[in-house]
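Shown below: work00.cif, with mmCIF, C-alpha atoms; chains and numbers go by the auth columns.
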data_work
loop_
_atom_site.group_PDB
_atom_site.id
_atom_site.type_symbol
_atom_site.label_atom_id
_atom_site.label_comp_id
_atom_site.label_asym_id
_atom_site.label_seq_id
_atom_site.Cartn_x
_atom_site.Cartn_y
_atom_site.Cartn_z
_atom_site.B_iso_or_equiv
_atom_site.auth_seq_id
_atom_site.auth_asym_id
ATOM 1 C CA CYS A 1 122.185 139.444 195.070 0.00 29 A
ATOM 2 C CA ILE A 2 118.644 138.123 194.775 0.00 30 A
ATOM 3 C CA SER A 3 115.758 140.559 194.418 0.00 31 A
ATOM 4 C CA TYR A 4 112.474 139.692 196.075 0.00 32 A
ATOM 5 C CA ALA A 5 110.652 142.895 195.161 0.00 33 A
ATOM 6 C CA GLN A 6 107.855 140.891 193.541 0.00 34 A
ATOM 7 C CA THR A 7 105.352 140.729 196.371 0.00 35 A
ATOM 8 C CA VAL A 8 101.618 141.117 196.783 0.00 36 A
ATOM 9 C CA THR A 9 99.653 142.125 199.839 0.00 37 A
ATOM 10 C CA ILE A 10 96.676 139.841 200.432 0.00 38 A
ATOM 11 C CA GLY A 11 94.663 141.021 203.409 0.00 39 A
ATOM 12 C CA THR A 12 97.276 141.938 205.999 0.00 40 A
ATOM 13 C CA GLN A 13 99.901 139.499 204.710 0.00 41 A
ATOM 14 C CA VAL A 14 102.702 140.032 202.203 0.00 42 A
ATOM 15 C CA TRP A 15 103.433 137.088 199.879 0.00 43 A
ATOM 16 C CA MET A 16 106.082 136.540 197.217 0.00 44 A
ATOM 17 C CA THR A 17 104.626 136.289 193.721 0.00 45 A
ATOM 18 C CA LYS A 18 107.398 133.982 192.532 0.00 46 A
ATOM 19 C CA ASN A 19 108.289 130.546 193.851 0.00 47 A
ATOM 20 C CA LEU A 20 111.353 130.374 196.071 0.00 48 A
ATOM 21 C CA ASP A 21 114.482 129.738 194.034 0.00 49 A
ATOM 22 C CA VAL A 22 117.505 129.783 196.342 0.00 50 A
ATOM 23 C CA SER A 23 120.431 127.401 196.617 0.00 51 A
ATOM 24 C CA ILE A 24 121.997 128.936 199.726 0.00 52 A
ATOM 25 C CA PHE A 25 120.623 129.430 203.210 0.00 53 A
ATOM 26 C CA ARG A 26 120.174 132.936 204.593 0.00 54 A
ATOM 27 C CA ASN A 27 123.498 132.614 206.434 0.00 55 A
ATOM 28 C CA GLY A 28 125.367 131.830 203.176 0.00 56 A
ATOM 29 C CA ASP A 29 125.743 128.053 203.615 0.00 57 A
ATOM 30 C CA PRO A 30 124.929 126.036 200.487 0.00 58 A
ATOM 31 C CA ILE A 31 121.771 123.907 200.416 0.00 59 A
ATOM 32 C CA PRO A 32 122.725 120.494 199.028 0.00 60 A
ATOM 33 C CA GLN A 33 121.302 119.759 195.584 0.00 61 A
ATOM 34 C CA ALA A 34 119.976 116.211 195.192 0.00 62 A
ATOM 35 C CA LYS A 35 120.546 115.298 191.543 0.00 63 A
ATOM 36 C CA THR A 36 119.746 111.600 191.842 0.00 64 A
ATOM 37 C CA ASN A 37 117.070 109.507 193.516 0.00 65 A
ATOM 38 C CA GLU A 38 119.750 108.112 195.800 0.00 66 A
ATOM 39 C CA GLU A 39 120.893 111.582 196.908 0.00 67 A
ATOM 40 C CA TRP A 40 117.274 112.633 197.587 0.00 68 A
ATOM 41 C CA LYS A 41 116.582 109.453 199.595 0.00 69 A
ATOM 42 C CA LYS A 42 119.862 109.785 201.528 0.00 70 A
ATOM 43 C CA ALA A 43 119.051 113.390 202.516 0.00 71 A
ATOM 44 C CA ASP A 44 115.657 112.249 203.746 0.00 72 A
ATOM 45 C CA GLU A 45 117.001 109.248 205.637 0.00 73 A
ATOM 46 C CA ASN A 46 119.461 111.557 207.415 0.00 74 A
ATOM 47 C CA TYR A 47 116.877 114.340 207.983 0.00 75 A
ATOM 48 C CA GLN A 48 119.026 116.729 205.962 0.00 76 A
ATOM 49 C CA PRO A 49 117.938 119.632 203.751 0.00 77 A
ATOM 50 C CA ALA A 50 117.953 119.202 199.980 0.00 78 A
ATOM 51 C CA TRP A 51 116.646 120.853 196.845 0.00 79 A
ATOM 52 C CA CYS A 52 116.268 119.848 193.215 0.00 80 A
ATOM 53 C CA TYR A 53 114.744 120.882 189.932 0.00 81 A
ATOM 54 C CA TYR A 54 111.737 118.911 188.748 0.00 82 A
ATOM 55 C CA ASP A 55 113.119 115.992 186.685 0.00 83 A
ATOM 56 C CA ASN A 56 116.564 117.413 187.571 0.00 84 A
ATOM 57 C CA ASP A 57 116.066 119.783 184.641 0.00 85 A
ATOM 58 C CA PRO A 58 117.123 123.422 185.218 0.00 86 A
ATOM 59 C CA ALA A 59 114.579 124.525 182.583 0.00 87 A
ATOM 60 C CA ASN A 60 111.829 123.515 185.016 0.00 88 A
ATOM 61 C CA GLY A 61 113.449 125.708 187.651 0.00 89 A
ATOM 62 C CA THR A 62 113.306 128.743 185.378 0.00 90 A
ATOM 63 C CA LYS A 63 109.524 128.598 185.433 0.00 91 A
ATOM 64 C CA ASN A 64 108.684 126.927 188.763 0.00 92 A
ATOM 65 C CA GLY A 65 111.655 127.502 191.035 0.00 93 A
ATOM 66 C CA LYS A 66 113.199 124.728 193.090 0.00 94 A
ATOM 67 C CA LEU A 67 111.647 121.843 194.999 0.00 95 A
ATOM 68 C CA TYR A 68 112.718 121.561 198.657 0.00 96 A
ATOM 69 C CA ASN A 69 112.268 118.834 201.220 0.00 97 A
ATOM 70 C CA TRP A 70 110.799 119.890 204.568 0.00 98 A
ATOM 71 C CA TYR A 71 114.184 119.664 206.268 0.00 99 A
ATOM 72 C CA ALA A 72 115.309 122.634 204.165 0.00 100 A
ATOM 73 C CA VAL A 73 112.134 124.505 205.167 0.00 101 A
ATOM 74 C CA ILE A 74 112.795 124.233 208.899 0.00 102 A
ATOM 75 C CA ASP A 75 116.593 124.459 208.873 0.00 103 A
ATOM 76 C CA SER A 76 117.756 127.042 211.435 0.00 104 A
ATOM 77 C CA ARG A 77 120.064 128.659 208.847 0.00 105 A
ATOM 78 C CA GLY A 78 116.957 130.069 207.153 0.00 106 A
ATOM 79 C CA LEU A 79 115.594 129.051 203.775 0.00 107 A
ATOM 80 C CA ALA A 80 113.714 132.283 203.109 0.00 108 A
ATOM 81 C CA PRO A 81 115.624 135.505 202.466 0.00 109 A
ATOM 82 C CA ILE A 82 116.067 138.146 205.161 0.00 110 A
ATOM 83 C CA GLY A 83 112.731 139.729 205.953 0.00 111 A
ATOM 84 C CA TYR A 84 110.762 136.670 204.819 0.00 112 A
ATOM 85 C CA HIS A 85 109.844 133.313 206.327 0.00 113 A
ATOM 86 C CA ILE A 86 108.139 130.090 205.320 0.00 114 A
ATOM 87 C CA PRO A 87 104.474 130.471 206.337 0.00 115 A
ATOM 88 C CA SER A 88 103.060 128.446 209.189 0.00 116 A
ATOM 89 C CA ASP A 89 99.901 126.373 208.861 0.00 117 A
ATOM 90 C CA ARG A 90 98.049 129.164 210.664 0.00 118 A
ATOM 91 C CA GLU A 91 99.327 131.771 208.182 0.00 119 A
ATOM 92 C CA TRP A 92 98.179 129.659 205.229 0.00 120 A
ATOM 93 C CA THR A 93 94.755 129.379 206.850 0.00 121 A
ATOM 94 C CA LYS A 94 94.615 133.149 207.321 0.00 122 A
ATOM 95 C CA LEU A 95 95.342 133.577 203.589 0.00 123 A
ATOM 96 C CA THR A 96 92.688 131.139 202.408 0.00 124 A
ATOM 97 C CA ASP A 97 90.130 132.490 204.869 0.00 125 A
ATOM 98 C CA PHE A 98 90.700 136.011 203.539 0.00 126 A
ATOM 99 C CA LEU A 99 90.132 134.734 199.999 0.00 127 A
ATOM 100 C CA GLY A 100 86.726 133.295 200.913 0.00 128 A
ATOM 101 C CA GLY A 101 87.731 129.931 202.383 0.00 129 A
ATOM 102 C CA ARG A 102 89.586 126.888 201.115 0.00 130 A
ATOM 103 C CA SER A 103 86.709 125.837 198.852 0.00 131 A
ATOM 104 C CA VAL A 104 87.120 128.887 196.565 0.00 132 A
ATOM 105 C CA ALA A 105 90.576 130.326 197.297 0.00 133 A
ATOM 106 C CA GLY A 106 92.403 128.037 194.857 0.00 134 A
ATOM 107 C CA THR A 107 90.978 129.630 191.732 0.00 135 A
ATOM 108 C CA LYS A 108 91.976 133.045 193.073 0.00 136 A
ATOM 109 C CA MET A 109 95.518 131.824 193.859 0.00 137 A
ATOM 110 C CA LYS A 110 96.255 129.896 190.627 0.00 138 A
ATOM 111 C CA SER A 111 98.083 131.686 187.833 0.00 139 A
ATOM 112 C CA LYS A 112 96.219 132.353 184.600 0.00 140 A
ATOM 113 C CA SER A 113 98.617 130.155 182.628 0.00 141 A
ATOM 114 C CA GLY A 114 101.002 127.257 183.122 0.00 142 A
ATOM 115 C CA TRP A 115 98.385 124.689 184.137 0.00 143 A
ATOM 116 C CA ASN A 116 97.597 121.708 181.914 0.00 144 A
ATOM 117 C CA SER A 117 93.929 122.680 182.164 0.00 145 A
ATOM 118 C CA TYR A 118 91.517 124.694 184.306 0.00 146 A
ATOM 119 C CA THR A 119 93.706 127.694 184.953 0.00 147 A
ATOM 120 C CA GLY A 120 92.895 130.139 187.722 0.00 148 A
ATOM 121 C CA THR A 121 91.917 133.787 187.762 0.00 149 A
ATOM 122 C CA ASN A 122 94.836 134.896 189.958 0.00 150 A
ATOM 123 C CA THR A 123 92.634 137.666 191.333 0.00 151 A
ATOM 124 C CA SER A 124 94.653 137.453 194.562 0.00 152 A
ATOM 125 C CA GLY A 125 97.961 138.100 192.774 0.00 153 A
ATOM 126 C CA PHE A 126 99.481 134.971 194.390 0.00 154 A
ATOM 127 C CA SER A 127 100.428 133.527 190.951 0.00 155 A
ATOM 128 C CA GLY A 128 100.461 129.847 191.990 0.00 156 A
ATOM 129 C CA LEU A 129 102.081 127.509 189.460 0.00 157 A
ATOM 130 C CA PRO A 130 101.799 123.708 189.157 0.00 158 A
ATOM 131 C CA GLY A 131 105.406 122.773 189.939 0.00 159 A
ATOM 132 C CA GLY A 132 104.642 119.201 191.049 0.00 160 A
ATOM 133 C CA PHE A 133 106.698 117.431 193.712 0.00 161 A
ATOM 134 C CA ARG A 134 109.441 114.896 194.324 0.00 162 A
ATOM 135 C CA GLY A 135 108.405 111.938 196.440 0.00 163 A
ATOM 136 C CA PHE A 136 110.425 110.385 199.248 0.00 164 A
ATOM 137 C CA ASP A 137 111.648 107.705 196.842 0.00 165 A
ATOM 138 C CA GLY A 138 113.011 110.338 194.456 0.00 166 A
ATOM 139 C CA THR A 139 110.320 110.077 191.787 0.00 167 A
ATOM 140 C CA PHE A 140 108.803 113.213 190.288 0.00 168 A
ATOM 141 C CA ASN A 141 105.053 113.694 190.027 0.00 169 A
ATOM 142 C CA ASP A 142 102.287 116.057 188.915 0.00 170 A
ATOM 143 C CA ILE A 143 104.033 118.969 187.168 0.00 171 A
ATOM 144 C CA GLY A 144 101.422 120.924 185.238 0.00 172 A
ATOM 145 C CA ASP A 145 98.602 119.531 187.369 0.00 173 A
ATOM 146 C CA TYR A 146 99.414 120.282 191.016 0.00 174 A
ATOM 147 C CA GLY A 147 101.311 122.892 193.001 0.00 175 A
ATOM 148 C CA PHE A 148 102.475 122.135 196.544 0.00 176 A
ATOM 149 C CA TRP A 149 103.649 124.637 199.162 0.00 177 A
ATOM 150 C CA TRP A 150 105.101 123.605 202.516 0.00 178 A
ATOM 151 C CA SER A 151 104.145 125.195 205.785 0.00 179 A
ATOM 152 C CA SER A 152 106.682 125.443 208.586 0.00 180 A
ATOM 153 C CA THR A 153 104.313 123.443 210.817 0.00 181 A
ATOM 154 C CA GLY A 154 104.952 119.767 211.352 0.00 182 A
ATOM 155 C CA PHE A 155 102.774 117.265 213.191 0.00 183 A
ATOM 156 C CA GLY A 156 103.160 113.667 214.143 0.00 184 A
ATOM 157 C CA THR A 157 106.145 111.641 213.085 0.00 185 A
ATOM 158 C CA GLY A 158 107.354 112.431 209.598 0.00 186 A
ATOM 159 C CA ILE A 159 104.397 114.604 208.544 0.00 187 A
ATOM 160 C CA ALA A 160 104.056 118.369 207.943 0.00 188 A
ATOM 161 C CA TRP A 161 101.199 120.566 206.730 0.00 189 A
ATOM 162 C CA ASP A 162 101.204 121.877 203.191 0.00 190 A
ATOM 163 C CA ARG A 163 98.794 123.531 200.783 0.00 191 A
ATOM 164 C CA THR A 164 97.953 122.135 197.373 0.00 192 A
ATOM 165 C CA LEU A 165 96.443 123.737 194.294 0.00 193 A
ATOM 166 C CA LYS A 166 94.977 121.304 191.746 0.00 194 A
ATOM 167 C CA TYR A 167 94.312 121.689 188.043 0.00 195 A
ATOM 168 C CA ASP A 168 90.722 120.459 188.228 0.00 196 A
ATOM 169 C CA TYR A 169 89.436 122.095 191.409 0.00 197 A
ATOM 170 C CA GLY A 170 88.998 125.637 192.662 0.00 198 A
ATOM 171 C CA ASP A 171 89.860 124.771 196.237 0.00 199 A
ATOM 172 C CA VAL A 172 93.052 124.780 198.260 0.00 200 A
ATOM 173 C CA SER A 173 93.764 121.494 200.010 0.00 201 A
ATOM 174 C CA ARG A 174 95.283 121.442 203.484 0.00 202 A
ATOM 175 C CA ASP A 175 97.189 118.180 203.591 0.00 203 A
ATOM 176 C CA GLY A 176 99.645 116.378 205.783 0.00 204 A
ATOM 177 C CA ASN A 177 102.496 115.123 203.620 0.00 205 A
ATOM 178 C CA ASN A 178 105.714 113.245 204.214 0.00 206 A
ATOM 179 C CA LYS A 179 108.517 115.579 205.240 0.00 207 A
ATOM 180 C CA GLU A 180 110.695 113.717 202.749 0.00 208 A
ATOM 181 C CA ASP A 181 108.605 114.878 199.753 0.00 209 A
#
So that I can check it, write out the structure of this file as structure tokens.
Amino acid sequence: CISYAQTVTIGTQVWMTKNLDVSIFRNGDPIPQAKTNEEWKKADENYQPAWCYYDNDPANGTKNGKLYNWYAVIDSRGLAPIGYHIPSDREWTKLTDFLGGRSVAGTKMKSKSGWNSYTGTNTSGFSGLPGGFRGFDGTFNDIGDYGFWWSSTGFGTGIAWDRTLKYDYGDVSRDGNNKED
């Protein structure tokens, strides 16, 4: 049984204060783990859900949780636990607007530790960590410097909205990234 009691209310929204760290969908089906670049690329080529640890190292998962491709995010079996969901682009915007806008919300969302430099204040209680990402080609990038969070909102072919916290800025970026990342 997984406990998700660690939440914070920001405005009218309730957010988890820990990165998602599940290996099964809400319905009990396993989410495939991609341990190699080839497995990650194959999942993406077939539009299939996958997760991994940064650098395929479980120690990174202890701190930052798991990395998921967007196909896991939108899978109908449910990535988030019962009672929770992956936020939409609109819900992310509502969060950053409540925190004063994207230009200042990042500092309030970043954890006070875990960043290579320029930590945040975490005055929001969001506790954002710089878990990095895995690119469509299977390479790992930016742990310690950037944190990326998917939205459930896609647009165009192969692109979905996410939010990014960066080590050297106090803003929150709203970016379109490859669904395979």
Report task. Considering only C-alpha atoms, return as a VMD selection string whatever protein or nucleic-acid residues lie within 12 Å of A:Gly56, sequence-local ones (same chain, fewer than 2 positions apart) excluded. Result -> chain A and resid 29 50 to 54 58 to 59 105 to 110
Report task. Would you kindly return, as a list in words, each protein, DNA or RNA residue with an atom no farther than 8 Å from any atom of stretch 143-158 of chain A, considering all atoms listed in the file and excluding same-chain residues fewer than 5 positions away? Result -> Val36, Ile38, Trp43, Met44, Thr45, Lys46, Asn92, Leu127, Gly134, Thr135, Lys136, Met137, Lys138, Asp170, Ile171, Gly172, Asp173, Tyr174, Gly175, Phe176, Leu193, Lys194, Tyr195, Asp196, Tyr197 and Gly198 of chain A
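Coordinates place atom CA of A:Asp117 at a distance of 16.6 Å from atom CA of A:Ser131.
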Query raised in the report: Once the PyMOL selection byres ((chain A and resi 209) around 9) has been applied to the shown file, what residues remain in the selection, as a ChimeraX atom specification?
Result: /A:72,95-98,161-166,205-208
Query raised in the report: So which residues touch stretch 120-124 of chain A within 8 Å, counting all atoms listed in the file, skipping near sequence neighbours fewer than 2 positions away, as a ChimeraX atom specification?
Result: /A:38-39,41,115-118,126-130,133,179,191,200
Query - Selection result of the PyMOL selection byres ((chain A and resi 188) around 9) on this file, as number ranges by chain - result: A: 98, 178-187, 189-190, 203-207
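Nearest to A:Ser141 of all the residues A:Asn47, A:Glu66, A:Lys91, A:Asp125 is A:Lys91, based on only C-alpha atoms.
Atom CA of A:Asn88 to atom CA of A:Gly159 spans 8.1 Å [interatomic distance, one decimal].
If you look at atom CA of A:His113 and atom CA of A:Val101, they are 9.2 Å away from each other.
Closest approach to A:Gly89 from the set A:Ala71, A:Ile102, A:Leu48, A:Ile114 is made by A:Leu48, with distances taken over only C-alpha atoms.
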Grab all the atoms of stretch 94-99 of chain A that the file lists, wrap them in a box along x, y and z, add 8 Å per side, and give me centre plus edge lengths in Å (one decimal) as AutoDock Vina command-line options.
--center_x 112.5 --center_y 121.8 --center_z 199.7 --size_x 19.4 --size_y 21.9 --size_z 29.2
Report task. Given the file shown, determine the residues that the PyMOL selection byres ((chain A and resi 84) around 10) selects; report them as a list in words. Result ->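 Applied to this file, the PyMOL selection byres ((chain A and resi 84) around 10) returns Gln61, Ala62, Lys63, Thr64, Asn65, Trp79, Cys80, Tyr81, Tyr82, Asp83, Asp85, Pro86, Ala87, Asn88, Gly89, Lys94, Leu95 and Phe168 of chain A.
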